[in-house]
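Data block for coords24.cif (mmCIF, C-alpha atoms):
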data_run
loop_
_atom_site.label_atom_id
_atom_site.label_comp_id
_atom_site.auth_asym_id
_atom_site.auth_seq_id
_atom_site.Cartn_x
_atom_site.Cartn_y
_atom_site.Cartn_z
CA MET A 295 45.13 -59.40 -3.49
CA ASN A 296 41.85 -57.87 -4.69
CA ARG A 297 41.36 -55.12 -7.24
CA ARG A 298 39.97 -52.66 -4.68
CA PHE A 299 43.15 -52.96 -2.59
CA LEU A 300 45.33 -52.50 -5.68
CA ALA A 301 43.35 -49.43 -6.70
CA ARG A 302 43.69 -47.87 -3.26
CA THR A 303 47.41 -48.60 -3.23
CA ALA A 304 47.89 -47.04 -6.66
CA LEU A 305 46.03 -43.91 -5.59
CA ALA A 306 48.12 -43.60 -2.43
CA LEU A 307 51.36 -43.94 -4.39
CA ALA A 308 50.19 -41.38 -6.92
CA ALA A 309 49.32 -38.93 -4.18
CA ALA A 310 52.71 -39.37 -2.54
CA ALA A 311 54.49 -38.85 -5.86
CA ALA A 312 52.48 -35.72 -6.53
CA LEU A 313 53.37 -34.28 -3.12
CA THR A 314 57.12 -34.79 -3.37
CA GLY A 315 57.51 -34.65 -7.11
CA SER A 316 60.74 -34.16 -9.00
CA PRO A 317 62.47 -30.90 -9.97
CA SER A 318 61.09 -31.18 -13.50
CA ALA A 319 57.55 -31.24 -12.08
CA TRP A 320 57.82 -27.80 -10.49
CA ALA A 321 56.38 -24.80 -12.26
CA GLN A 322 59.23 -22.63 -13.50
CA LYS A 323 58.30 -19.51 -11.53
CA LYS A 324 59.86 -17.70 -8.62
CA VAL A 325 58.12 -18.09 -5.28
CA VAL A 326 59.08 -15.91 -2.31
CA MET A 327 57.69 -17.44 0.89
CA GLY A 328 57.82 -15.63 4.20
CA VAL A 329 57.67 -17.69 7.41
CA SER A 330 56.67 -15.76 10.53
CA ILE A 331 56.94 -17.53 13.89
CA PRO A 332 57.33 -16.76 17.60
CA ALA A 333 60.86 -16.63 19.00
CA ALA A 334 62.20 -19.55 21.04
CA THR A 335 60.81 -18.38 24.38
CA HIS A 336 60.15 -21.93 25.63
CA GLY A 337 60.71 -25.52 24.56
CA TRP A 338 57.92 -25.92 22.01
CA THR A 339 58.57 -22.65 20.17
CA GLY A 340 62.27 -23.48 20.22
CA GLY A 341 61.30 -26.57 18.28
CA VAL A 342 59.24 -24.46 15.87
CA VAL A 343 62.28 -22.28 15.10
CA TYR A 344 64.48 -25.35 14.62
CA TRP A 345 62.05 -27.00 12.19
CA ALA A 346 61.41 -23.78 10.25
CA ASN A 347 65.11 -23.19 9.57
CA ARG A 348 65.75 -26.85 8.77
CA THR A 349 62.81 -26.94 6.32
CA LYS A 350 63.88 -23.67 4.66
CA LYS A 351 67.13 -25.34 3.58
CA GLU A 352 65.37 -28.51 2.42
CA LEU A 353 62.77 -26.67 0.35
CA GLU A 354 65.20 -24.25 -1.31
CA LYS A 355 67.27 -27.25 -2.39
CA GLU A 356 64.21 -29.17 -3.55
CA ILE A 357 62.28 -26.49 -5.47
CA PRO A 358 63.99 -24.39 -8.15
CA GLY A 359 63.19 -20.68 -7.89
CA LEU A 360 61.94 -20.85 -4.30
CA SER A 361 63.22 -18.37 -1.73
CA VAL A 362 62.22 -18.76 1.95
CA VAL A 363 62.57 -15.91 4.46
CA VAL A 364 62.22 -16.93 8.14
CA ARG A 365 61.48 -14.28 10.78
CA THR A 366 61.03 -14.76 14.54
CA ALA A 367 59.26 -12.36 16.90
CA GLY A 368 59.27 -11.96 20.68
CA SER A 369 55.84 -10.33 20.84
CA ALA A 370 52.62 -9.96 18.88
CA ALA A 371 53.45 -6.33 18.07
CA GLU A 372 56.87 -7.26 16.72
CA GLN A 373 55.37 -10.04 14.62
CA ALA A 374 52.75 -7.68 13.18
CA ASN A 375 55.52 -5.30 12.07
CA GLN A 376 57.53 -8.18 10.60
CA VAL A 377 54.57 -9.34 8.55
CA GLN A 378 54.32 -5.88 6.98
CA ASP A 379 58.08 -5.86 6.31
CA LEU A 380 57.93 -9.27 4.66
CA ALA A 381 55.34 -7.90 2.24
CA THR A 382 56.93 -4.52 1.51
CA VAL A 383 60.67 -5.19 1.86
CA ASN A 384 61.04 -8.86 0.98
CA LYS A 385 58.20 -8.77 -1.58
CA ILE A 386 56.76 -12.13 -0.51
CA ASP A 387 53.90 -13.66 -2.47
CA THR A 388 53.32 -16.42 0.12
CA LEU A 389 53.14 -16.29 3.92
CA VAL A 390 53.22 -19.15 6.44
CA ILE A 391 52.51 -17.78 9.92
CA LEU A 392 52.19 -19.24 13.39
CA PRO A 393 50.66 -16.24 15.20
CA PHE A 394 52.11 -15.14 18.53
CA GLU A 395 48.52 -14.31 19.48
CA SER A 396 45.37 -14.52 17.40
CA ALA A 397 43.66 -11.15 17.88
CA PRO A 398 46.61 -8.75 17.31
CA LEU A 399 47.73 -10.58 14.16
CA THR A 400 44.35 -10.90 12.46
CA GLN A 401 44.24 -7.43 10.90
CA PRO A 402 47.92 -7.28 9.79
CA VAL A 403 47.63 -10.69 8.12
CA ALA A 404 44.31 -9.72 6.50
CA GLN A 405 45.97 -6.62 5.04
CA VAL A 406 48.77 -8.70 3.53
CA LYS A 407 46.30 -11.21 2.12
CA GLY A 408 44.35 -8.30 0.62
CA LYS A 409 47.45 -7.40 -1.38
CA GLY A 410 47.43 -10.82 -3.05
CA VAL A 411 49.71 -12.78 -0.72
CA PHE A 412 48.70 -16.41 -0.19
CA VAL A 413 48.40 -17.04 3.57
CA THR A 414 48.71 -20.31 5.49
CA VAL A 415 48.03 -20.02 9.22
CA VAL A 416 49.52 -22.63 11.56
CA ASP A 417 48.25 -23.86 14.94
CA ARG A 418 46.79 -20.67 16.47
CA GLY A 419 43.91 -19.61 14.26
CA LEU A 420 43.13 -15.98 13.52
CA ASN A 421 39.94 -14.34 14.77
CA ASP A 422 38.72 -13.96 11.20
CA PRO A 423 39.18 -17.07 9.03
CA ASN A 424 38.78 -14.88 5.93
CA ALA A 425 42.27 -13.56 6.67
CA GLN A 426 43.76 -16.89 5.58
CA ASN A 427 43.74 -19.15 2.55
CA ALA A 428 44.69 -22.32 4.42
CA TYR A 429 45.00 -23.60 7.98
CA VAL A 430 47.35 -26.32 9.26
CA ALA A 431 47.19 -27.51 12.87
CA GLY A 432 47.48 -30.42 15.23
CA ASP A 433 44.46 -32.41 16.33
CA ASN A 434 43.64 -30.97 19.75
CA PRO A 435 40.54 -33.10 20.45
CA GLY A 436 42.55 -36.10 19.29
CA PHE A 437 45.35 -35.09 21.67
CA GLY A 438 43.01 -35.32 24.66
CA LYS A 439 41.28 -38.46 23.40
CA VAL A 440 44.51 -40.41 22.79
CA ALA A 441 45.82 -39.40 26.23
CA GLY A 442 42.59 -40.39 27.95
CA GLU A 443 42.39 -43.76 26.24
CA TYR A 444 45.99 -44.62 27.11
CA MET A 445 45.58 -43.58 30.73
CA ALA A 446 42.36 -45.55 31.15
CA LYS A 447 44.04 -48.66 29.74
CA ALA A 448 47.17 -48.19 31.87
CA LEU A 449 45.02 -47.94 35.01
CA ASN A 450 42.87 -50.92 34.01
CA GLY A 451 39.84 -48.62 34.23
CA LYS A 452 40.25 -47.79 37.93
CA GLY A 453 42.05 -45.12 39.98
CA ASN A 454 42.45 -41.48 41.00
CA VAL A 455 43.66 -38.94 38.43
CA VAL A 456 44.67 -35.27 38.57
CA VAL A 457 44.88 -33.02 35.51
CA LEU A 458 47.08 -30.04 34.70
CA ARG A 459 45.58 -27.80 32.05
CA GLY A 460 47.42 -25.36 29.80
CA ILE A 461 46.76 -21.65 29.28
CA PRO A 462 43.00 -20.89 29.21
CA THR A 463 42.39 -21.13 25.46
CA VAL A 464 40.13 -22.84 22.94
CA ILE A 465 42.96 -25.31 22.29
CA ASP A 466 43.10 -26.26 25.97
CA ASN A 467 39.31 -26.59 26.18
CA GLU A 468 39.26 -28.95 23.19
CA ARG A 469 41.95 -31.16 24.71
CA VAL A 470 40.40 -31.34 28.18
CA ASP A 471 36.85 -31.85 26.90
CA ALA A 472 38.02 -34.83 24.82
CA PHE A 473 39.96 -36.27 27.76
CA ASN A 474 36.95 -35.93 30.06
CA ALA A 475 34.69 -37.55 27.46
CA VAL A 476 36.89 -40.65 27.59
CA MET A 477 36.85 -40.66 31.38
CA LYS A 478 33.06 -40.65 31.43
CA ASN A 479 33.22 -44.13 29.92
CA HIS A 480 35.26 -45.31 32.91
CA PRO A 481 33.20 -44.62 36.04
CA ASP A 482 35.80 -46.24 38.32
CA ILE A 483 38.36 -43.59 37.36
CA LYS A 484 37.91 -40.43 39.43
CA VAL A 485 39.30 -37.09 38.22
CA LEU A 486 40.11 -35.47 41.58
CA ASP A 487 40.82 -31.99 40.22
CA ALA A 488 42.02 -30.04 37.18
CA LYS A 489 43.99 -26.80 37.39
CA HIS A 490 45.85 -24.59 34.92
CA GLY A 491 49.61 -25.06 34.86
CA ASN A 492 49.84 -22.71 31.83
CA TRP A 493 52.22 -24.98 29.88
CA ASN A 494 54.91 -23.80 32.29
CA ARG A 495 57.28 -25.92 34.40
CA ASP A 496 57.25 -23.65 37.47
CA ASP A 497 53.48 -23.19 37.46
CA ALA A 498 52.99 -26.94 37.04
CA PHE A 499 55.34 -27.60 39.98
CA LYS A 500 53.19 -25.39 42.23
CA VAL A 501 49.93 -26.96 41.04
CA MET A 502 51.28 -30.45 41.61
CA GLN A 503 52.51 -29.50 45.10
CA ASP A 504 48.93 -28.47 45.90
CA PHE A 505 47.52 -31.72 44.53
CA LEU A 506 50.01 -33.77 46.54
CA THR A 507 49.10 -31.91 49.73
CA ARG A 508 45.35 -32.33 49.24
CA PHE A 509 45.16 -35.86 47.86
CA LYS A 510 46.72 -38.79 49.68
CA GLN A 511 46.18 -41.27 46.84
CA ILE A 512 46.93 -40.28 43.23
CA ASP A 513 47.38 -43.03 40.69
CA ALA A 514 48.09 -41.00 37.55
CA VAL A 515 48.74 -37.44 36.38
CA TRP A 516 47.72 -36.06 33.01
CA ALA A 517 50.16 -33.17 32.68
CA SER A 518 48.95 -32.59 29.09
CA ASP A 519 52.32 -31.06 28.14
CA ASP A 520 55.92 -32.23 28.43
CA ASP A 521 57.17 -28.96 29.93
CA MET A 522 54.51 -29.22 32.65
CA ALA A 523 55.42 -32.87 33.20
CA VAL A 524 58.92 -31.73 34.23
CA GLY A 525 57.42 -29.62 37.03
CA VAL A 526 55.08 -32.45 38.00
CA GLN A 527 57.89 -34.97 38.35
CA LYS A 528 59.99 -32.52 40.36
CA ALA A 529 57.11 -32.08 42.83
CA ILE A 530 56.57 -35.84 43.08
CA ALA A 531 60.27 -36.45 43.74
CA GLN A 532 60.45 -33.76 46.42
CA ALA A 533 57.36 -35.14 48.18
CA LYS A 534 58.79 -38.68 47.94
CA ARG A 535 55.44 -40.05 46.83
CA SER A 536 55.34 -43.63 45.61
CA ASP A 537 51.60 -43.96 44.89
CA ILE A 538 51.72 -42.37 41.42
CA LYS A 539 52.07 -44.95 38.64
CA LEU A 540 51.93 -42.75 35.53
CA VAL A 541 52.79 -39.21 34.41
CA LEU A 542 51.52 -38.52 30.90
CA GLY A 543 52.64 -35.33 29.17
CA GLY A 544 52.29 -34.41 25.52
CA ALA A 545 53.80 -32.67 22.47
CA GLY A 546 56.69 -35.09 21.95
CA SER A 547 59.72 -33.33 23.45
CA LYS A 548 62.99 -35.19 22.87
CA ASP A 549 63.58 -35.51 26.62
CA TYR A 550 60.26 -37.23 27.23
CA ILE A 551 60.48 -39.42 24.16
CA LYS A 552 63.92 -40.49 25.44
CA LYS A 553 62.30 -41.37 28.78
CA VAL A 554 59.80 -43.56 26.94
CA MET A 555 62.61 -45.19 24.92
CA ASP A 556 64.64 -45.85 28.06
CA GLY A 557 61.75 -47.46 29.93
CA ASP A 558 61.17 -44.74 32.55
CA LYS A 559 59.02 -46.08 35.39
CA LEU A 560 56.50 -43.19 35.36
CA VAL A 561 56.78 -41.98 31.74
CA THR A 562 55.68 -44.92 29.61
CA ALA A 563 54.08 -42.95 26.75
CA ASP A 564 53.66 -39.52 25.19
CA VAL A 565 51.28 -37.94 22.66
CA THR A 566 52.43 -36.03 19.58
CA TYR A 567 51.71 -32.36 19.01
CA SER A 568 54.98 -31.67 17.36
CA PRO A 569 56.47 -28.27 16.55
CA SER A 570 57.38 -29.96 13.26
CA MET A 571 53.87 -29.00 12.12
CA ILE A 572 55.52 -25.77 10.91
CA ALA A 573 57.60 -27.95 8.58
CA ASP A 574 54.47 -29.71 7.32
CA ALA A 575 52.79 -26.36 6.67
CA MET A 576 55.84 -24.97 4.86
CA LYS A 577 56.18 -28.06 2.65
CA LEU A 578 52.49 -28.25 1.77
CA THR A 579 52.35 -24.53 0.97
CA ALA A 580 55.59 -24.29 -0.99
CA ARG A 581 54.86 -27.34 -3.13
CA SER A 582 51.33 -26.20 -3.80
CA ARG A 583 52.46 -22.71 -4.82
CA ALA A 584 55.36 -23.95 -6.95
CA LYS A 585 53.10 -26.35 -8.83
CA GLY A 586 50.20 -23.92 -9.07
CA GLU A 587 47.93 -26.49 -7.42
CA PRO A 588 45.26 -25.81 -4.79
CA LEU A 589 45.96 -26.36 -1.09
CA PRO A 590 43.13 -27.69 1.12
CA GLU A 591 41.55 -25.01 3.30
CA LYS A 592 42.19 -27.11 6.41
CA THR A 593 44.80 -29.75 7.18
CA ILE A 594 44.71 -31.41 10.60
CA ILE A 595 47.77 -33.42 11.66
CA PRO A 596 46.69 -36.42 13.78
CA SER A 597 47.87 -36.86 17.37
CA VAL A 598 49.72 -40.17 17.72
CA LEU A 599 50.45 -42.22 20.82
CA ILE A 600 54.19 -42.65 21.37
CA THR A 601 55.24 -45.84 23.16
CA LYS A 602 58.50 -47.73 23.45
CA ASP A 603 57.61 -49.58 20.25
CA ASN A 604 57.56 -46.50 18.01
CA ALA A 605 59.45 -43.84 20.01
CA LYS A 606 62.59 -43.92 17.85
CA GLN A 607 60.79 -42.54 14.81
CA TYR A 608 59.73 -39.46 16.81
CA TYR A 609 63.10 -38.85 18.47
CA PHE A 610 65.14 -35.94 17.05
CA PRO A 611 68.17 -35.39 19.33
CA ASP A 612 69.34 -32.30 17.41
CA SER A 613 66.08 -30.47 18.06
CA PRO A 614 65.99 -28.10 21.06
CA PHE A 615 62.60 -29.61 21.97
#

What would the structure in this file look like if it were written as structure tokens?
Amino acid sequence: MNRRFLARTALALAAAAALTGSPSAWAQKKVVMGVSIPAATHGWTGGVVYWANRTKKELEKEIPGLSVVVRTAGSAAEQANQVQDLATVNKIDTLVILPFESAPLTQPVAQVKGKGVFVTVVDRGLNDPNAQNAYVAGDNPGFGKVAGEYMAKALNGKGNVVVLRGIPTVIDNERVDAFNAVMKNHPDIKVLDAKHGNWNRDDAFKVMQDFLTRFKQIDAVWASDDDMAVGVQKAIAQAKRSDIKLVLGGAGSKDYIKKVMDGDKLVTADVTYSPSMIADAMKLTARSRAKGEPLPEKTIIPSVLITKDNAKQYYFPDSPF
């Protein structure tokens, strides 16, 4: 075992110890952290709410003097008002926020930051990056790249593919552009069409019905989201089509990870974009604030391919997503 390997190992262990730490390592000061997130209006945000409340309990037990206040909002306007209340009523000095929408939350968050509150934005960036101190998100280009590489391998570099996109956003563009970049390296794979299913089961069902009517041979579907994959599979079952070999979703819902674990014929893999990123953001922010140590301006959580070999470590049956 060479010295370079030992040095790298020692550094990694030191970094891990610094991140978790022990109670005696925390600065003895009170930290009041507000967590502002969308309400559980669909599967993924339901997961966000679950992970936020679970992590609140973990962090308050782990860090002396830390108080975490979790608020959920059903609209951008409601979230903007809650952010102001967190600052004025709850007297927070730290805010972790997953914005309902970017534009309407930019000014309210900037105002809170201007009053000295440390702000970590999660997933959906604000229109003005100066309104935040730190940003934590999933790897959207990586999400599309991992999906594309798996699909190309599963098809042995040949076949007809259809794509369901999400809501027209920068996030969706990044995912699809990365997927298409992989497909360009496989000229025998033909992307027949790509339409927006809006990360919605019913919309995806209608889009897939259209694809099935227009295309007589489809080898694989990139649904790009587990909720959309539900609608896709419903349409396939109703049409009684047997040509489709693979339906690949994304985000790591417990239902689709269970399909992978159980050896589902069509669902052989998934790609992570977990709502647990809110937990990562909360932990990174709380530990940084409690220790008085800097937090990186940007933290990107890699997208990981989930297969039968590793599915168990991503399966959380108690989560709503």

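Nearest to Val598 (chain A) of all the residues A:Asp422, A:Asp433, A:Glu356, A:Asp379 is A:Asp433, counting all atoms listed in the file.
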
Taking all atoms listed in the file into account, name the residue in A:Leu560, A:Met502, A:Gly442, A:Thr463 that is nearest to Ala475 (chain A).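 Under the stated criterion, the closest residue is A:Gly442.
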
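Remark: for Asp556 (chain A), the closest of the candidate residues A:Ala605, A:Ile386, A:Val485, A:Met327 is A:Ala605 (distances computed over only C-alpha atoms).
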
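Rounded to one decimal, CA of Pro614 (chain A) and CA of Tyr429 (chain A) lie 25.1 Å from each other.
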
What do you get, as a PDB file with C-alpha atoms, in the frame of the given file, if you spell out every residue that the PyMOL selection byres ((chain A and resi 345) around 9) selects here?
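The resulting file, result.pdb, is reproduced below:
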ATOM      1  CA  GLY A 340      62.270 -23.480  20.220  1.00  0.00           C
ATOM      2  CA  GLY A 341      61.300 -26.570  18.280  1.00  0.00           C
ATOM      3  CA  VAL A 342      59.240 -24.460  15.870  1.00  0.00           C
ATOM      4  CA  VAL A 343      62.280 -22.280  15.100  1.00  0.00           C
ATOM      5  CA  TYR A 344      64.480 -25.350  14.620  1.00  0.00           C
ATOM      6  CA  ALA A 346      61.410 -23.780  10.250  1.00  0.00           C
ATOM      7  CA  ASN A 347      65.110 -23.190   9.570  1.00  0.00           C
ATOM      8  CA  ARG A 348      65.750 -26.850   8.770  1.00  0.00           C
ATOM      9  CA  THR A 349      62.810 -26.940   6.320  1.00  0.00           C
ATOM     10  CA  LYS A 350      63.880 -23.670   4.660  1.00  0.00           C
ATOM     11  CA  PRO A 569      56.470 -28.270  16.550  1.00  0.00           C
ATOM     12  CA  SER A 570      57.380 -29.960  13.260  1.00  0.00           C
ATOM     13  CA  MET A 571      53.870 -29.000  12.120  1.00  0.00           C
ATOM     14  CA  ILE A 572      55.520 -25.770  10.910  1.00  0.00           C
ATOM     15  CA  ALA A 573      57.600 -27.950   8.580  1.00  0.00           C
ATOM     16  CA  SER A 613      66.080 -30.470  18.060  1.00  0.00           C
TER      17      SER A 613
END

When the PyMOL selection byres ((chain A and resi 610) around 10) is applied to the file above, which residues end up in the set, as a VMD selection string? chain A and resid 546 to 549 551 to 552 606 to 609 611 to 615

Find the residues around Asp466 (chain A) up to 12 Å (only C-alpha atoms counted), leave out those fewer than 2 positions away in its own chain, and share them as a PDB file with C-alpha atoms, in the coordinates of the input.
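This is the output file out17.pdb:
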ATOM      1  CA  ARG A 418      46.790 -20.670  16.470  1.00  0.00           C
ATOM      2  CA  ASP A 433      44.460 -32.410  16.330  1.00  0.00           C
ATOM      3  CA  ASN A 434      43.640 -30.970  19.750  1.00  0.00           C
ATOM      4  CA  PRO A 435      40.540 -33.100  20.450  1.00  0.00           C
ATOM      5  CA  GLY A 436      42.550 -36.100  19.290  1.00  0.00           C
ATOM      6  CA  PHE A 437      45.350 -35.090  21.670  1.00  0.00           C
ATOM      7  CA  GLY A 438      43.010 -35.320  24.660  1.00  0.00           C
ATOM      8  CA  VAL A 457      44.880 -33.020  35.510  1.00  0.00           C
ATOM      9  CA  LEU A 458      47.080 -30.040  34.700  1.00  0.00           C
ATOM     10  CA  ARG A 459      45.580 -27.800  32.050  1.00  0.00           C
ATOM     11  CA  GLY A 460      47.420 -25.360  29.800  1.00  0.00           C
ATOM     12  CA  ILE A 461      46.760 -21.650  29.280  1.00  0.00           C
ATOM     13  CA  PRO A 462      43.000 -20.890  29.210  1.00  0.00           C
ATOM     14  CA  THR A 463      42.390 -21.130  25.460  1.00  0.00           C
ATOM     15  CA  VAL A 464      40.130 -22.840  22.940  1.00  0.00           C
ATOM     16  CA  GLU A 468      39.260 -28.950  23.190  1.00  0.00           C
ATOM     17  CA  ARG A 469      41.950 -31.160  24.710  1.00  0.00           C
ATOM     18  CA  VAL A 470      40.400 -31.340  28.180  1.00  0.00           C
ATOM     19  CA  ASP A 471      36.850 -31.850  26.900  1.00  0.00           C
ATOM     20  CA  ALA A 472      38.020 -34.830  24.820  1.00  0.00           C
ATOM     21  CA  PHE A 473      39.960 -36.270  27.760  1.00  0.00           C
ATOM     22  CA  ALA A 488      42.020 -30.040  37.180  1.00  0.00           C
ATOM     23  CA  LYS A 489      43.990 -26.800  37.390  1.00  0.00           C
ATOM     24  CA  HIS A 490      45.850 -24.590  34.920  1.00  0.00           C
ATOM     25  CA  GLY A 491      49.610 -25.060  34.860  1.00  0.00           C
ATOM     26  CA  ASN A 492      49.840 -22.710  31.830  1.00  0.00           C
ATOM     27  CA  TRP A 493      52.220 -24.980  29.880  1.00  0.00           C
ATOM     28  CA  ALA A 517      50.160 -33.170  32.680  1.00  0.00           C
ATOM     29  CA  SER A 518      48.950 -32.590  29.090  1.00  0.00           C
ATOM     30  CA  ASP A 519      52.320 -31.060  28.140  1.00  0.00           C
TER      31      ASP A 519
END
